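Printed here is input_22.cif (mmCIF, C-alpha atoms):
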data_my_file
#
loop_
_atom_site.label_atom_id
_atom_site.label_comp_id
_atom_site.auth_asym_id
_atom_site.auth_seq_id
_atom_site.Cartn_x
_atom_site.Cartn_y
_atom_site.Cartn_z
CA MET A 1 0.00 0.00 0.00
CA TYR A 2 1.22 3.44 -0.88
CA HIS A 3 0.32 6.68 0.83
CA SER A 4 1.24 9.83 -1.01
CA GLY A 5 0.01 12.02 1.82
CA THR A 6 -2.02 12.13 5.03
CA GLN A 7 -5.07 14.12 6.03
CA LYS A 8 -4.55 15.05 9.67
CA ALA A 9 -5.46 18.71 9.44
CA PRO A 10 -9.13 19.65 9.00
CA VAL A 11 -8.21 22.07 6.22
CA PRO A 12 -6.10 20.52 3.43
CA THR A 13 -2.75 22.19 2.89
CA VAL A 14 -1.29 23.00 -0.53
CA LYS A 15 0.98 19.96 -0.15
CA GLN A 16 -2.01 17.70 0.50
CA LEU A 17 -3.96 19.10 -2.43
CA SER A 18 -1.03 18.50 -4.78
CA ASP A 19 -0.84 14.89 -3.49
CA ILE A 20 -4.39 14.07 -4.57
CA ILE A 21 -4.21 11.22 -7.09
CA SER A 22 -5.85 12.12 -10.40
CA THR A 23 -5.27 8.97 -12.48
CA VAL A 24 -4.29 5.30 -12.04
CA GLU A 25 -3.17 2.88 -14.78
CA PHE A 26 -1.67 -0.63 -14.97
CA ASN A 27 0.62 -1.42 -17.88
CA HIS A 28 -0.26 -4.22 -20.31
CA THR A 29 1.38 -6.96 -18.21
CA GLY A 30 0.26 -5.58 -14.84
CA GLU A 31 3.84 -5.62 -13.55
CA LEU A 32 3.92 -1.81 -13.41
CA LEU A 33 1.32 0.59 -12.05
CA ALA A 34 1.46 4.35 -12.63
CA THR A 35 -0.34 7.11 -10.74
CA GLY A 36 -0.52 10.80 -11.57
CA ASP A 37 -1.41 13.53 -9.10
CA LYS A 38 -2.53 17.16 -8.97
CA GLY A 39 1.07 18.25 -8.42
CA GLY A 40 2.09 17.03 -11.89
CA ARG A 41 4.04 14.04 -10.54
CA VAL A 42 3.98 10.49 -11.86
CA VAL A 43 4.77 7.65 -9.46
CA ILE A 44 5.49 4.21 -10.95
CA PHE A 45 5.16 1.07 -8.81
CA GLN A 46 6.72 -2.27 -9.70
CA ARG A 47 5.42 -5.63 -8.59
CA GLU A 48 7.95 -7.51 -6.51
CA PRO A 49 8.81 -11.11 -7.47
CA GLU A 50 7.33 -13.89 -5.36
CA SER A 51 9.18 -14.45 -2.08
CA LYS A 52 9.48 -17.95 -0.58
CA THR A 53 10.48 -16.67 2.85
CA GLU A 54 7.75 -14.01 3.12
CA PRO A 55 4.49 -15.33 1.68
CA PHE A 56 2.57 -12.17 2.49
CA SER A 57 4.95 -10.02 0.46
CA GLN A 58 4.15 -11.96 -2.71
CA GLY A 59 3.46 -9.57 -5.54
CA GLU A 60 3.56 -6.41 -3.45
CA TYR A 61 3.88 -3.19 -5.41
CA ASN A 62 6.72 -0.91 -4.34
CA VAL A 63 7.82 2.48 -5.65
CA TYR A 64 9.94 2.00 -8.75
CA SER A 65 10.37 5.59 -9.93
CA THR A 66 8.97 9.06 -9.29
CA PHE A 67 9.30 12.00 -11.66
CA GLN A 68 7.85 15.43 -12.35
CA SER A 69 5.87 15.11 -15.56
CA HIS A 70 4.28 18.56 -15.87
CA GLU A 71 4.89 22.00 -14.37
CA PRO A 72 2.34 24.82 -13.99
CA GLU A 73 2.30 27.12 -17.01
CA PHE A 74 0.65 30.38 -17.95
CA ASP A 75 -1.14 31.16 -21.21
CA TYR A 76 -0.34 34.83 -21.72
CA LEU A 77 -2.69 35.24 -24.68
CA LYS A 78 -5.71 34.08 -22.71
CA SER A 79 -4.45 35.08 -19.26
CA LEU A 80 -5.09 31.56 -18.00
CA GLU A 81 -3.05 29.43 -15.67
CA ILE A 82 -2.52 25.88 -16.95
CA GLU A 83 -2.57 23.39 -14.10
CA GLU A 84 0.15 20.78 -13.76
CA LYS A 85 -2.43 18.13 -12.74
CA ILE A 86 -2.04 14.81 -14.60
CA ASN A 87 -5.41 14.07 -16.23
CA LYS A 88 -4.56 10.71 -17.81
CA ILE A 89 -1.71 8.19 -18.15
CA ARG A 90 -1.61 5.53 -20.86
CA TRP A 91 1.08 2.85 -21.26
CA LEU A 92 2.39 1.75 -24.62
CA PRO A 93 2.89 -2.00 -25.11
CA GLN A 94 6.47 -2.97 -24.30
CA GLN A 95 8.62 -3.48 -27.41
CA ASN A 96 12.07 -3.78 -25.79
CA ALA A 97 13.71 -3.52 -22.39
CA ALA A 98 12.38 0.02 -21.87
CA HIS A 99 8.83 1.04 -21.01
CA PHE A 100 7.00 4.01 -22.56
CA LEU A 101 4.02 5.94 -21.25
CA LEU A 102 1.97 8.97 -22.27
CA SER A 103 0.91 11.52 -19.64
CA THR A 104 -1.19 14.62 -20.15
CA ASN A 105 -2.35 17.69 -18.27
CA ASP A 106 -5.02 20.06 -19.64
CA LYS A 107 -3.00 21.11 -22.70
CA THR A 108 0.21 19.14 -23.25
CA ILE A 109 0.84 15.42 -23.79
CA LYS A 110 4.29 13.94 -23.13
CA LEU A 111 5.85 10.61 -24.08
CA TRP A 112 8.22 9.25 -21.43
CA LYS A 113 10.81 6.50 -21.63
CA VAL A 114 11.42 4.47 -18.46
CA SER A 115 14.62 2.39 -18.55
CA GLU A 116 17.04 0.69 -16.17
CA ARG A 117 20.81 1.02 -15.92
CA ASP A 118 22.88 -1.36 -13.77
CA LYS A 119 26.27 -1.07 -15.52
CA ARG A 120 28.61 1.82 -16.20
CA PRO A 121 31.52 2.07 -18.64
CA GLU A 122 35.02 2.41 -17.16
CA GLY A 123 38.54 2.59 -18.58
CA TYR A 124 38.24 5.39 -21.15
CA ASN A 125 41.41 6.33 -23.05
CA LEU A 126 40.75 10.06 -23.23
CA LYS A 127 38.96 10.60 -19.89
CA ASP A 128 40.14 10.11 -16.32
CA GLU A 129 38.05 8.50 -13.56
CA GLU A 130 36.40 11.85 -12.79
CA GLY A 131 35.33 12.28 -16.42
CA ARG A 132 37.83 15.06 -17.20
CA ILE A 133 39.51 15.06 -20.62
CA LYS A 134 43.14 13.86 -20.45
CA ASP A 135 46.09 15.55 -22.10
CA ILE A 136 46.61 13.43 -25.23
CA SER A 137 50.41 13.60 -24.80
CA THR A 138 50.08 11.64 -21.54
CA VAL A 139 48.24 8.73 -23.23
CA THR A 140 50.94 6.09 -23.85
CA SER A 141 48.81 2.97 -24.26
CA LEU A 142 45.33 2.04 -25.39
CA GLN A 143 42.85 0.09 -23.33
CA VAL A 144 39.41 -1.34 -24.08
CA PRO A 145 36.65 0.26 -21.95
CA VAL A 146 34.68 -2.27 -19.87
CA LEU A 147 31.18 -2.28 -18.32
CA LYS A 148 31.27 -2.55 -14.53
CA PRO A 149 28.22 -3.40 -12.35
CA MET A 150 26.61 -0.52 -10.44
CA ASP A 151 23.53 -0.01 -8.28
CA LEU A 152 20.32 -0.23 -10.31
CA MET A 153 19.23 3.17 -11.53
CA VAL A 154 15.85 3.87 -13.13
CA GLU A 155 16.08 6.64 -15.71
CA VAL A 156 12.99 8.50 -16.92
CA THR A 157 13.51 10.71 -19.97
CA PRO A 158 11.06 12.76 -22.04
CA ARG A 159 11.06 11.54 -25.66
CA ARG A 160 8.29 13.62 -27.23
CA VAL A 161 6.18 16.65 -26.32
CA PHE A 162 2.83 17.02 -28.11
CA ALA A 163 1.62 20.57 -27.54
CA ASN A 164 -0.52 23.41 -28.92
CA ALA A 165 -3.27 21.25 -30.43
CA HIS A 166 -6.08 21.74 -27.92
CA THR A 167 -8.04 24.91 -27.24
CA TYR A 168 -10.02 23.25 -24.47
CA HIS A 169 -9.02 20.94 -21.62
CA ILE A 170 -7.85 17.44 -22.55
CA ASN A 171 -9.99 14.80 -20.83
CA SER A 172 -8.82 11.59 -22.57
CA ILE A 173 -5.91 9.99 -24.35
CA SER A 174 -6.04 6.53 -25.92
CA VAL A 175 -3.36 4.49 -27.68
CA ASN A 176 -4.47 2.80 -30.89
CA SER A 177 -4.11 -0.97 -31.43
CA ASP A 178 -1.68 -0.24 -34.29
CA TYR A 179 0.70 1.08 -31.57
CA GLU A 180 1.74 3.89 -33.94
CA THR A 181 -1.00 6.41 -33.31
CA TYR A 182 -3.03 7.71 -30.39
CA MET A 183 -5.85 10.18 -29.92
CA SER A 184 -6.47 13.00 -27.49
CA ALA A 185 -9.89 14.45 -26.73
CA ASP A 186 -10.99 17.75 -25.23
CA ASP A 187 -14.49 19.19 -24.68
CA LEU A 188 -15.17 19.81 -28.37
CA ARG A 189 -12.52 18.10 -30.49
CA ILE A 190 -10.65 14.82 -30.88
CA ASN A 191 -7.19 14.79 -32.48
CA LEU A 192 -5.24 11.87 -33.96
CA TRP A 193 -1.46 11.86 -33.46
CA HIS A 194 1.41 9.77 -34.72
CA LEU A 195 3.75 8.86 -31.87
CA ASP A 196 6.80 10.00 -33.87
CA ILE A 197 5.37 13.35 -35.04
CA THR A 198 4.92 16.19 -32.56
CA ASP A 199 4.35 19.24 -34.76
CA ARG A 200 1.00 18.23 -36.27
CA SER A 201 -2.09 16.18 -35.53
CA PHE A 202 -5.24 15.42 -37.50
CA ASN A 203 -8.61 16.60 -36.25
CA ILE A 204 -11.00 13.61 -36.48
CA VAL A 205 -13.99 14.94 -34.51
CA ASP A 206 -15.12 18.56 -34.17
CA ILE A 207 -18.47 19.27 -32.51
CA LYS A 208 -17.87 22.99 -31.99
CA PRO A 209 -20.88 24.92 -33.37
CA ALA A 210 -20.41 28.04 -35.49
CA ASN A 211 -22.07 30.00 -32.71
CA MET A 212 -21.04 28.92 -29.21
CA GLU A 213 -24.51 29.90 -27.95
CA ASP A 214 -25.80 26.86 -29.85
CA LEU A 215 -23.58 24.51 -27.85
CA THR A 216 -25.70 21.74 -26.31
CA GLU A 217 -23.18 19.04 -25.38
CA VAL A 218 -19.48 18.41 -24.84
CA ILE A 219 -17.20 15.39 -25.25
CA THR A 220 -16.52 13.74 -21.89
CA ALA A 221 -14.33 10.71 -22.78
CA ALA A 222 -12.95 8.83 -25.80
CA GLU A 223 -11.28 5.48 -26.40
CA PHE A 224 -9.98 3.36 -29.28
CA HIS A 225 -11.29 -0.15 -29.91
CA PRO A 226 -8.81 -2.71 -28.46
CA HIS A 227 -8.48 -4.69 -31.72
CA HIS A 228 -9.77 -2.64 -34.68
CA CYS A 229 -7.53 0.37 -35.28
CA ASN A 230 -10.21 2.17 -37.35
CA LEU A 231 -12.88 2.22 -34.61
CA PHE A 232 -13.22 4.52 -31.62
CA VAL A 233 -15.99 5.67 -29.31
CA TYR A 234 -16.65 8.96 -27.56
CA SER A 235 -19.19 9.88 -24.90
CA SER A 236 -21.03 13.12 -24.32
CA SER A 237 -22.55 15.16 -21.54
CA LYS A 238 -25.99 14.26 -22.93
CA GLY A 239 -25.47 10.61 -22.04
CA THR A 240 -24.90 9.41 -25.61
CA LEU A 241 -22.13 7.26 -27.08
CA ARG A 242 -20.96 7.60 -30.66
CA LEU A 243 -19.01 4.85 -32.39
CA CYS A 244 -16.95 6.20 -35.29
CA ASP A 245 -15.15 4.45 -38.17
CA MET A 246 -12.12 6.31 -39.56
CA ARG A 247 -12.44 4.40 -42.84
CA GLU A 248 -15.65 6.27 -43.67
CA ALA A 249 -14.27 9.82 -43.70
CA ALA A 250 -11.28 11.87 -42.61
CA LEU A 251 -13.52 13.92 -40.30
CA CYS A 252 -15.73 11.59 -38.26
CA ASP A 253 -18.50 14.10 -37.52
CA LYS A 254 -21.02 11.53 -38.74
CA HIS A 255 -20.98 8.55 -36.41
CA SER A 256 -21.44 4.93 -37.47
CA LYS A 257 -23.56 4.09 -34.42
CA LEU A 258 -25.34 6.13 -31.76
CA PHE A 259 -25.96 4.47 -28.40
CA GLU A 260 -28.65 6.26 -26.42
CA GLU A 261 -31.17 5.21 -23.83
CA PRO A 262 -34.61 6.78 -24.29
CA GLU A 263 -35.51 9.05 -21.39
CA ASP A 264 -38.45 8.24 -19.16
CA PRO A 265 -40.57 11.45 -19.18
CA SER A 266 -42.11 10.61 -15.80
CA ALA A 267 -38.67 10.48 -14.15
CA ARG A 268 -37.46 13.80 -15.58
CA SER A 269 -36.25 16.40 -13.07
CA PHE A 270 -34.03 19.46 -12.85
CA PHE A 271 -31.02 17.15 -12.37
CA SER A 272 -31.76 14.67 -15.19
CA GLU A 273 -29.33 16.17 -17.67
CA ILE A 274 -26.50 16.47 -15.13
CA ILE A 275 -26.75 12.91 -13.80
CA SER A 276 -27.07 11.41 -17.30
CA SER A 277 -23.71 12.86 -18.41
CA VAL A 278 -21.26 10.01 -19.12
CA SER A 279 -18.07 10.47 -17.09
CA ASP A 280 -16.16 7.45 -18.46
CA VAL A 281 -16.34 4.90 -21.26
CA LYS A 282 -14.27 1.71 -21.59
CA PHE A 283 -14.23 -1.02 -24.24
CA SER A 284 -14.26 -4.55 -22.87
CA HIS A 285 -11.07 -6.55 -23.49
CA SER A 286 -12.98 -8.61 -26.07
CA GLY A 287 -14.05 -5.43 -27.89
CA ARG A 288 -17.69 -6.59 -27.93
CA TYR A 289 -19.04 -4.40 -25.12
CA LEU A 290 -18.83 -0.84 -23.81
CA LEU A 291 -18.88 0.07 -20.11
CA THR A 292 -20.05 3.56 -19.20
CA ARG A 293 -20.47 5.42 -15.92
CA ASP A 294 -22.83 8.28 -15.23
CA TYR A 295 -23.49 9.82 -11.82
CA LEU A 296 -25.80 7.14 -10.41
CA THR A 297 -25.34 4.09 -12.66
CA ALA A 298 -22.87 1.93 -14.58
CA LYS A 299 -24.09 0.50 -17.89
CA VAL A 300 -22.89 -2.22 -20.22
CA TRP A 301 -23.70 -1.75 -23.91
CA ASP A 302 -23.52 -4.35 -26.69
CA LEU A 303 -21.93 -2.92 -29.85
CA ASN A 304 -24.70 -4.67 -31.80
CA MET A 305 -27.56 -3.03 -29.89
CA GLU A 306 -27.85 0.75 -29.94
CA SER A 307 -31.37 1.23 -28.57
CA LYS A 308 -30.69 0.54 -24.88
CA PRO A 309 -27.97 -0.78 -22.57
CA LEU A 310 -27.62 -4.53 -22.14
CA GLU A 311 -27.19 -4.15 -18.38
CA THR A 312 -27.75 -1.29 -15.93
CA TYR A 313 -26.23 -1.34 -12.44
CA GLN A 314 -27.30 1.05 -9.66
CA VAL A 315 -24.10 2.31 -8.02
CA HIS A 316 -25.59 4.44 -5.26
CA ASP A 317 -29.31 4.87 -5.91
CA TYR A 318 -29.75 5.96 -2.28
CA LEU A 319 -28.33 9.35 -3.35
CA ARG A 320 -31.33 10.09 -5.57
CA SER A 321 -33.05 11.87 -2.68
CA LYS A 322 -29.88 13.87 -1.96
CA LEU A 323 -29.36 15.38 -5.42
CA CYS A 324 -30.30 18.88 -4.27
CA SER A 325 -27.58 19.05 -1.60
CA LEU A 326 -25.11 17.27 -3.91
CA TYR A 327 -25.77 19.98 -6.48
CA GLU A 328 -25.16 22.71 -3.91
CA ASN A 329 -21.78 21.26 -2.84
CA ASP A 330 -20.80 20.50 -6.49
CA CYS A 331 -20.45 16.75 -5.82
CA ILE A 332 -23.04 16.07 -8.52
CA PHE A 333 -20.35 17.06 -11.06
CA ASP A 334 -17.83 14.45 -9.81
CA LYS A 335 -16.48 12.30 -12.64
CA PHE A 336 -16.30 8.65 -11.59
CA GLU A 337 -14.32 6.18 -13.70
CA CYS A 338 -15.09 2.51 -14.30
CA ALA A 339 -13.06 -0.65 -15.01
CA TRP A 340 -13.43 -4.20 -16.35
CA ASN A 341 -11.72 -7.22 -14.84
CA GLY A 342 -9.47 -9.29 -17.12
CA SER A 343 -12.24 -11.65 -18.28
CA ASP A 344 -14.92 -8.92 -18.69
CA SER A 345 -17.11 -10.75 -16.15
CA VAL A 346 -16.93 -8.19 -13.32
CA ILE A 347 -17.05 -4.40 -13.42
CA MET A 348 -15.85 -1.95 -10.79
CA THR A 349 -16.48 1.71 -10.08
CA GLY A 350 -16.12 4.15 -7.20
CA ALA A 351 -18.52 5.89 -4.83
CA TYR A 352 -18.40 8.13 -1.74
CA ASN A 353 -17.18 7.47 1.81
CA ASN A 354 -14.16 5.62 0.31
CA PHE A 355 -16.57 2.93 -0.93
CA PHE A 356 -16.26 1.18 -4.25
CA ARG A 357 -18.71 -1.12 -6.00
CA MET A 358 -18.31 -4.39 -7.89
CA PHE A 359 -20.91 -6.09 -10.06
CA ASP A 360 -20.64 -9.69 -11.29
CA ARG A 361 -22.25 -9.86 -14.72
CA ASN A 362 -22.80 -13.63 -14.57
CA THR A 363 -24.18 -14.17 -11.07
CA LYS A 364 -25.75 -10.67 -10.88
CA ARG A 365 -24.26 -10.31 -7.40
CA ASP A 366 -22.94 -6.97 -6.30
CA VAL A 367 -20.91 -5.79 -3.35
CA THR A 368 -19.88 -2.54 -1.69
CA LEU A 369 -16.34 -2.53 -0.30
CA GLU A 370 -14.34 0.09 1.59
CA ALA A 371 -10.81 1.26 0.86
CA SER A 372 -9.17 1.85 4.24
CA ARG A 373 -5.87 1.30 5.98
CA GLU A 374 -7.31 -1.55 8.00
CA SER A 375 -8.63 -3.43 4.95
CA SER A 376 -5.33 -3.09 3.09
CA LYS A 377 -3.26 -4.96 5.70
CA PRO A 378 -1.91 -8.32 4.44
CA ARG A 379 -4.13 -10.58 6.55
CA ALA A 380 -7.19 -8.30 6.50
CA VAL A 381 -10.36 -9.41 4.76
CA LEU A 382 -12.44 -6.98 2.71
CA LYS A 383 -15.79 -6.81 4.50
CA PRO A 384 -18.88 -5.92 2.48
CA ARG A 385 -20.51 -2.65 3.55
CA ARG A 386 -24.12 -1.61 3.25
CA VAL A 387 -25.68 1.83 3.04
CA CYS A 388 -29.29 2.20 4.08
CA ALA A 389 -31.50 4.96 2.72
CA ALA A 390 -32.75 7.71 5.01
CA GLY A 391 -35.60 6.40 7.13
CA GLY A 392 -34.89 2.77 6.19
CA LYS A 393 -34.36 -0.10 8.61
CA ARG A 394 -30.76 -0.33 9.75
CA ARG A 395 -28.93 -3.55 10.45
CA LYS A 396 -25.79 -3.80 12.54
CA ASP A 397 -22.79 -2.22 10.75
CA ASP A 398 -25.09 -0.49 8.23
CA ILE A 399 -24.23 3.09 7.39
CA SER A 400 -26.90 5.74 7.03
CA VAL A 401 -26.85 7.76 3.84
CA ASP A 402 -26.88 10.88 6.05
CA SER A 403 -23.52 9.95 7.61
CA LEU A 404 -21.63 9.40 4.34
CA ASP A 405 -18.50 11.52 3.93
CA PHE A 406 -18.71 13.13 0.49
CA THR A 407 -15.16 14.48 0.69
CA LYS A 408 -13.88 10.87 0.61
CA LYS A 409 -14.58 9.88 -2.97
CA ILE A 410 -13.11 7.14 -5.14
CA LEU A 411 -13.01 8.57 -8.65
CA HIS A 412 -10.09 6.59 -10.10
CA THR A 413 -9.75 2.80 -10.16
CA ALA A 414 -7.77 0.26 -12.21
CA TRP A 415 -7.88 -3.52 -12.57
CA HIS A 416 -4.86 -5.71 -13.31
CA PRO A 417 -5.22 -7.01 -16.91
CA ASN A 418 -5.00 -10.70 -15.91
CA GLU A 419 -5.26 -11.14 -12.14
CA ASN A 420 -7.53 -10.24 -9.23
CA ILE A 421 -5.52 -7.17 -8.27
CA ILE A 422 -7.14 -3.75 -8.10
CA ALA A 423 -5.75 -0.26 -7.48
CA ILE A 424 -8.00 2.25 -5.76
CA ALA A 425 -7.18 5.95 -5.53
CA ALA A 426 -8.85 7.33 -2.40
CA THR A 427 -8.08 11.07 -2.51
CA ASN A 428 -4.33 11.13 -1.69
CA ASN A 429 -3.93 7.46 -0.76
CA LEU A 430 -3.42 4.53 -3.12
CA TYR A 431 -4.74 1.15 -2.01
CA ILE A 432 -3.78 -2.07 -3.81
CA PHE A 433 -5.88 -5.12 -3.00
CA GLN A 434 -4.74 -8.58 -4.09
CA ASP A 435 -6.56 -11.92 -3.98
CA LYS A 436 -9.24 -10.51 -1.69
CA LEU A 437 -12.01 -10.31 -4.25
CA ASN A 438 -13.11 -13.85 -5.06
CA SER A 439 -14.73 -14.53 -1.69
CA GLU A 440 -16.75 -11.32 -1.94
CA MET A 441 -18.16 -11.89 -5.41
CA HIS A 442 -18.86 -15.65 -5.29
#

File written out as C-alpha cells:
Amino acid sequence: MYHSGTQKAPVPTVKQLSDIISTVEFNHTGELLATGDKGGRVVIFQREPESKTEPFSQGEYNVYSTFQSHEPEFDYLKSLEIEEKINKIRWLPQQNAAHFLLSTNDKTIKLWKVSERDKRPEGYNLKDEEGRIKDISTVTSLQVPVLKPMDLMVEVTPRRVFANAHTYHINSISVNSDYETYMSADDLRINLWHLDITDRSFNIVDIKPANMEDLTEVITAAEFHPHHCNLFVYSSSKGTLRLCDMREAALCDKHSKLFEEPEDPSARSFFSEIISSVSDVKFSHSGRYLLTRDYLTAKVWDLNMESKPLETYQVHDYLRSKLCSLYENDCIFDKFECAWNGSDSVIMTGAYNNFFRMFDRNTKRDVTLEASRESSKPRAVLKPRRVCAAGGKRRKDDISVDSLDFTKKILHTAWHPNENIIAIAATNNLYIFQDKLNSEMH
C-alpha cells in the first residue's frame, strides 16, 4: 500500500492538495502501475517477485520511480493558468527492455521513456576516472573500456512533447491498437497523433458549433477499440455514445452508431441532464461491449444493440433523494471512472465514503467494499458494507446515507489485466488489493 500524503489537518494544505491522485493505470502486463497527481508528478510502482520466505509479500507493489511530468504554465494570450495536474496516463505495449508511457495535463501530452541502468563504462582512453579530458600527450597505451556493475538506476527521460493542439481541456488519451497512433480528446474536439510526429495532428472529430450559444453538449471521454484500429468511441454530456469508423471519412463528424437510452418522461427532473452525463467509457477486453459510468449508474452496452444498454447497475441509488444538496456542494459534477476485470465478467467503479462497487455480470451479485488502511493490511479481509436509505431499517454495521463523507470519494480505479488485483485511488492514498475479491463476489 502506498500513501502519497495524510489528512490530519481539518483544512487541506497546498501539499495535501497536490498529493491528490488524479489517475491510475496498470501497464499491459500488470507488472507496473502508474499514478498521476494534482502536483504534476507520476509515481510508478513495480510488482515484486514472489518471495518464498515471506508469503505475504508476494506480488507487493513498491515504488519503482517518481518523476515530475508537468509543471504549472501560464497562457499569456488568454491570461489563463494551466494546471500541472495529470489528467490521464496511458502505457504503450512494451517493445524492448524500456517502457513508454503517455501523460497529459489540460493542454500538453508527453511521451516518457522508463529504462534501467545497472552497468557503467570504465577505462576510457581520453577521460580520467572523474570524467575530465586527459592531455593526449600523456596517453601512452590504449585500453578497451569495460562495463562494470553498479547499483540499479531507473532513468525516466522525455522523448516527445505534443503541444498546442487543444483549445479546451484534454480529458482523454487513448493508444491505438496499431501502436503507432493515439488520440487525445478535449471538450469539443478529438485529435489523432502519430507517436513520432509532434508538430502536427489530425482533427477527427469537431463538434464545436459556429455559434457557441448553440452549444448543447461536450465530449466527456474517448477510447480506441482494443483490436480494430479504425474504430473509436466517444461519450457526451448528454449521455450518448458515438461509435466512429475512420475508414468512412477523414472527419468523423457523422458517427457509425449512436448508443442512447430513451428518457423516461415521468422520471425527468431538474437534475436529469446532469446525472445522465457520461463520465467514463471503456471497451471490454474482447471489444464486444462498452462500459459507461454516469453519476448514479454503470451500464454495459452491446456494440450490436444501440437502442438501450444490455445491463444497468445502480451504483448508489440511495443518493437520488440527496441530489439537491449534492448539487449545492458540487459533488453532482464528480467524474467517476469505471473498469473491467481481465475476463470482462466483473465491473468496478467508485462511490463516496471511500466505498467502491463491484458487479458480477454472470451471477448478478454486487458488493460494496471500503478502501481503508485496516482493509489493506496483508491478513485483512475486505468486508462488504451496506448503506441504508434515510428512514430505512438499519442492520448492525449499516451506514446511514446521512452519515456518508462526500469528501472521501473514489473517482479513479484500475484492474490488473489478468489477475484479481485492483488499485483504488482514495483522494491522496493509493490502495492495492490482491486476492481478496473472489470470496466477496462468489

Discussion item. Which residues would end up in the selection if the PyMOL selection byres ((chain A and resi 224) around 9) were applied here, given that I need the answer as a ChimeraX atom specification?
Written reply: /A:174-177,182-183,222-223,225-234,282-283

Discussion item. Can you spell out as a PyMOL selection string the set of residues that the PyMOL selection byres ((chain A and resi 244) around 8) selects in the structure I just provided?
Written reply: chain A and resi 231-233+242-243+245-246+252+254-257

Worksheet item: Mind telling me what the PyMOL selection byres ((chain A and resi 284-293) around 7) catches here, as a VMD selection string?
Response: chain A and resid 225 to 227 278 to 283 294 to 295 297 to 303 336 to 338 340 344

Those residues with C-alpha atoms, as a PDB file, in the coordinates of the input please?
ATOM      1  CA  HIS A 225     -11.290  -0.150 -29.910  1.00  0.00           C
ATOM      2  CA  PRO A 226      -8.810  -2.710 -28.460  1.00  0.00           C
ATOM      3  CA  HIS A 227      -8.480  -4.690 -31.720  1.00  0.00           C
ATOM      4  CA  VAL A 278     -21.260  10.010 -19.120  1.00  0.00           C
ATOM      5  CA  SER A 279     -18.070  10.470 -17.090  1.00  0.00           C
ATOM      6  CA  ASP A 280     -16.160   7.450 -18.460  1.00  0.00           C
ATOM      7  CA  VAL A 281     -16.340   4.900 -21.260  1.00  0.00           C
ATOM      8  CA  LYS A 282     -14.270   1.710 -21.590  1.00  0.00           C
ATOM      9  CA  PHE A 283     -14.230  -1.020 -24.240  1.00  0.00           C
ATOM     10  CA  ASP A 294     -22.830   8.280 -15.230  1.00  0.00           C
ATOM     11  CA  TYR A 295     -23.490   9.820 -11.820  1.00  0.00           C
ATOM     12  CA  THR A 297     -25.340   4.090 -12.660  1.00  0.00           C
ATOM     13  CA  ALA A 298     -22.870   1.930 -14.580  1.00  0.00           C
ATOM     14  CA  LYS A 299     -24.090   0.500 -17.890  1.00  0.00           C
ATOM     15  CA  VAL A 300     -22.890  -2.220 -20.220  1.00  0.00           C
ATOM     16  CA  TRP A 301     -23.700  -1.750 -23.910  1.00  0.00           C
ATOM     17  CA  ASP A 302     -23.520  -4.350 -26.690  1.00  0.00           C
ATOM     18  CA  LEU A 303     -21.930  -2.920 -29.850  1.00  0.00           C
ATOM     19  CA  PHE A 336     -16.300   8.650 -11.590  1.00  0.00           C
ATOM     20  CA  GLU A 337     -14.320   6.180 -13.700  1.00  0.00           C
ATOM     21  CA  CYS A 338     -15.090   2.510 -14.300  1.00  0.00           C
ATOM     22  CA  TRP A 340     -13.430  -4.200 -16.350  1.00  0.00           C
ATOM     23  CA  ASP A 344     -14.920  -8.920 -18.690  1.00  0.00           C
TER      24      ASP A 344
END

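Using all atoms listed in the file, the smallest distance between any of A:Arg373, A:Arg189, A:Arg247, A:Lys38 and A:Ser235 comes from A:Arg189.
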
Item to complete: Have a look at A:Leu430, A:Cys388, A:Met348, A:Leu111 and name the one nearest to A:Tyr318; count only C-alpha atoms.
Response: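 Of the candidates, the smallest distance to A:Tyr318 is held by A:Cys388.
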
Practice prompt. Considering all atoms listed in the file, return as a list of chain:residue names whatever protein or nucleic-acid residues lie within 8 Å of stretch 34-36 of chain A, sequence-local ones (same chain, fewer than 5 positions apart) excluded.
Written response: A:Ile21, A:Ser22, A:Thr23, A:Val24, A:Glu25, A:Phe26, A:Asn27, A:Arg41, A:Val42, A:Val43, A:Ile44, A:Phe45, A:Lys85, A:Ile86, A:Asn87, A:Lys88, A:Ile89

Practice prompt. Name the residues in contact with A:Leu33 at a cut-off of 12 Å, using only C-alpha atoms, excluding same-chain residues fewer than 3 positions from it; report them as number ranges by chain.
Written response: A: 2, 23-30, 36, 42-48, 60-66, 89-91, 99, 101, 413-417, 421-425, 430-432

Worksheet item: Between A:Asp19, A:Glu122, A:Asp37, A:Glu261, which has the minimum distance to A:Lys308 (counting all atoms listed in the file)?
Response: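 The closest residue to A:Lys308 is A:Glu261.
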
Show me, as JSON, the centre and edge lengths in Å to one decimal of the axis-aligned box that covers every listed atom of stretch 286-304 of chain A with 8 Å on each side.
{"center_x": -19.4, "center_y": 0.6, "center_z": -21.1, "size_x": 28.8, "size_y": 34.4, "size_z": 37.4}

Fill in: Minimum-distance residue to A:Ala250, chosen among A:Glu263, A:Asn304, A:Phe202, A:Ile207 (using all atoms listed in the file)
A:Phe202

Worksheet item: atom CA of A:Lys335 and atom CA of A:Asp264, how far apart in Å?
Response: 23.3 Å

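In terms of minimum interatomic distance to A:Lys113, A:Ser69 ranks closest within A:Asn354, A:Ser141, A:Ser237, A:Ser69, counting all atoms listed in the file.
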
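Note that the spacing between atom CA of A:Leu195 and atom CA of A:Thr108 amounts to 13.9 Å.
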
Discussion item. So the first atom is atom CA of A:Leu92 and the second is atom CA of A:Arg159; what is the distance between them in Å, to one decimal place?
Written reply: 13.1 Å

Worksheet item: Nearest to A:Val367: which of A:Gln314, A:Thr216, A:Thr181, A:Ser79 is it, counting only C-alpha atoms?
Response: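 Under the stated criterion, the closest residue is A:Gln314.
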
Could you get me a file of stretch 28-37 of chain A with C-alpha atoms, as a CSV table (one decimal), in the first residue's frame, taken from the block above?
chain,number,residue,atom,x,y,z
A,28,HIS,CA,-0.3,-4.2,-20.3
A,29,THR,CA,1.4,-7.0,-18.2
A,30,GLY,CA,0.3,-5.6,-14.8
A,31,GLU,CA,3.8,-5.6,-13.6
A,32,LEU,CA,3.9,-1.8,-13.4
A,33,LEU,CA,1.3,0.6,-12.0
A,34,ALA,CA,1.5,4.4,-12.6
A,35,THR,CA,-0.3,7.1,-10.7
A,36,GLY,CA,-0.5,10.8,-11.6
A,37,ASP,CA,-1.4,13.5,-9.1
